[in-house]
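These notes are about the structure you will find just below.
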Amino acid sequence: MSIIKQVKEYLFISKRDPNEPRTQWMKYMHGMNRISLFMFLIAVIIILFKTLILPLMNK
């Protein structure tokens, strides 16, 4: 499975393969990966806001 496809599944952009086995530990792992990916994206948005938007607003 490609990394891009996995990220799309985490962000609910594409549906996962229904034929793929789904164990309890895989659910936990994918849930933790989804949380960390969302936290990373939020951190990137905050950093971009602080470095690009706030300096323009202070002028």
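Please note that chains go A, B, ... in the order of the structure tokens, that every chain numbers its residues from 1, and that ligands are numbered from 1 in the order shown.
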Sel. of alpha helix (DSSP H) residues, chain A, as an MDAnalysis selection string: chainID A and resid 3:10 24:48 54:57
Take the residues from that selection and put them in a file with N, CA and C atoms, as a short mmCIF file (atom, residue, chain, number, x, y, z; two decimals), in the first residue's frame.
```
data_model
loop_
_atom_site.label_atom_id
_atom_site.label_comp_id
_atom_site.auth_asym_id
_atom_site.auth_seq_id
_atom_site.Cartn_x
_atom_site.Cartn_y
_atom_site.Cartn_z
N ILE A 3 2.03 5.18 0.60
CA ILE A 3 1.91 6.12 1.72
C ILE A 3 0.80 7.13 1.46
N ILE A 4 0.70 7.59 0.21
CA ILE A 4 -0.33 8.58 -0.14
C ILE A 4 -1.72 7.99 0.07
N LYS A 5 -1.91 6.74 -0.31
CA LYS A 5 -3.21 6.09 -0.14
C LYS A 5 -3.54 5.97 1.35
N GLN A 6 -2.54 5.64 2.17
CA GLN A 6 -2.76 5.50 3.61
C GLN A 6 -3.14 6.84 4.23
N VAL A 7 -2.47 7.92 3.82
CA VAL A 7 -2.80 9.25 4.34
C VAL A 7 -4.21 9.63 3.93
N LYS A 8 -4.60 9.33 2.71
CA LYS A 8 -5.97 9.62 2.27
C LYS A 8 -6.99 8.88 3.12
N GLU A 9 -6.69 7.64 3.49
CA GLU A 9 -7.60 6.88 4.35
C GLU A 9 -7.67 7.49 5.74
N TYR A 10 -6.53 7.96 6.28
CA TYR A 10 -6.51 8.57 7.60
C TYR A 10 -7.33 9.85 7.63
N GLN A 24 -8.10 -5.87 16.03
CA GLN A 24 -8.24 -4.85 17.07
C GLN A 24 -6.98 -4.00 17.17
N TRP A 25 -5.80 -4.62 17.05
CA TRP A 25 -4.55 -3.88 17.16
C TRP A 25 -4.36 -2.96 15.97
N MET A 26 -4.83 -3.36 14.81
CA MET A 26 -4.74 -2.49 13.63
C MET A 26 -5.64 -1.27 13.82
N LYS A 27 -6.80 -1.46 14.44
CA LYS A 27 -7.69 -0.32 14.72
C LYS A 27 -6.98 0.67 15.65
N TYR A 28 -6.34 0.16 16.70
CA TYR A 28 -5.62 1.02 17.62
C TYR A 28 -4.50 1.78 16.91
N MET A 29 -3.73 1.06 16.10
CA MET A 29 -2.59 1.66 15.41
C MET A 29 -3.07 2.74 14.45
N HIS A 30 -4.10 2.45 13.68
CA HIS A 30 -4.59 3.43 12.72
C HIS A 30 -5.22 4.63 13.44
N GLY A 31 -5.86 4.40 14.56
CA GLY A 31 -6.41 5.51 15.34
C GLY A 31 -5.32 6.42 15.86
N MET A 32 -4.25 5.84 16.37
CA MET A 32 -3.13 6.65 16.88
C MET A 32 -2.45 7.40 15.73
N ASN A 33 -2.30 6.75 14.59
CA ASN A 33 -1.70 7.41 13.43
C ASN A 33 -2.58 8.57 12.97
N ARG A 34 -3.89 8.37 12.98
CA ARG A 34 -4.82 9.42 12.57
C ARG A 34 -4.71 10.62 13.51
N ILE A 35 -4.65 10.37 14.82
CA ILE A 35 -4.53 11.46 15.78
C ILE A 35 -3.23 12.21 15.59
N SER A 36 -2.13 11.49 15.40
CA SER A 36 -0.83 12.16 15.24
C SER A 36 -0.78 12.95 13.93
N LEU A 37 -1.40 12.45 12.89
CA LEU A 37 -1.43 13.18 11.62
C LEU A 37 -2.23 14.46 11.75
N PHE A 38 -3.38 14.41 12.41
CA PHE A 38 -4.18 15.61 12.62
C PHE A 38 -3.43 16.62 13.49
N MET A 39 -2.75 16.15 14.51
CA MET A 39 -1.98 17.06 15.37
C MET A 39 -0.85 17.72 14.59
N PHE A 40 -0.20 16.97 13.72
CA PHE A 40 0.87 17.51 12.89
C PHE A 40 0.32 18.59 11.95
N LEU A 41 -0.81 18.32 11.31
CA LEU A 41 -1.39 19.30 10.40
C LEU A 41 -1.82 20.57 11.14
N ILE A 42 -2.38 20.42 12.32
CA ILE A 42 -2.75 21.59 13.11
C ILE A 42 -1.52 22.39 13.49
N ALA A 43 -0.43 21.71 13.87
CA ALA A 43 0.81 22.40 14.23
C ALA A 43 1.39 23.15 13.03
N VAL A 44 1.33 22.56 11.85
CA VAL A 44 1.83 23.23 10.65
C VAL A 44 1.00 24.48 10.36
N ILE A 45 -0.31 24.38 10.51
CA ILE A 45 -1.19 25.53 10.28
C ILE A 45 -0.87 26.64 11.29
N ILE A 46 -0.67 26.29 12.55
CA ILE A 46 -0.35 27.30 13.57
C ILE A 46 0.99 27.96 13.27
N ILE A 47 1.99 27.18 12.88
CA ILE A 47 3.30 27.75 12.57
C ILE A 47 3.21 28.68 11.37
N LEU A 48 2.48 28.27 10.33
CA LEU A 48 2.32 29.14 9.16
C LEU A 48 1.58 30.42 9.54
N LEU A 54 0.54 36.73 11.16
CA LEU A 54 0.71 37.70 12.25
C LEU A 54 1.67 38.83 11.92
N PRO A 55 2.82 38.57 11.27
CA PRO A 55 3.69 39.70 10.92
C PRO A 55 3.03 40.70 9.95
N LEU A 56 2.17 40.20 9.08
CA LEU A 56 1.48 41.10 8.17
C LEU A 56 0.42 41.93 8.88
N MET A 57 -0.18 41.36 9.92
CA MET A 57 -1.22 42.07 10.67
C MET A 57 -0.63 43.14 11.58
#
```
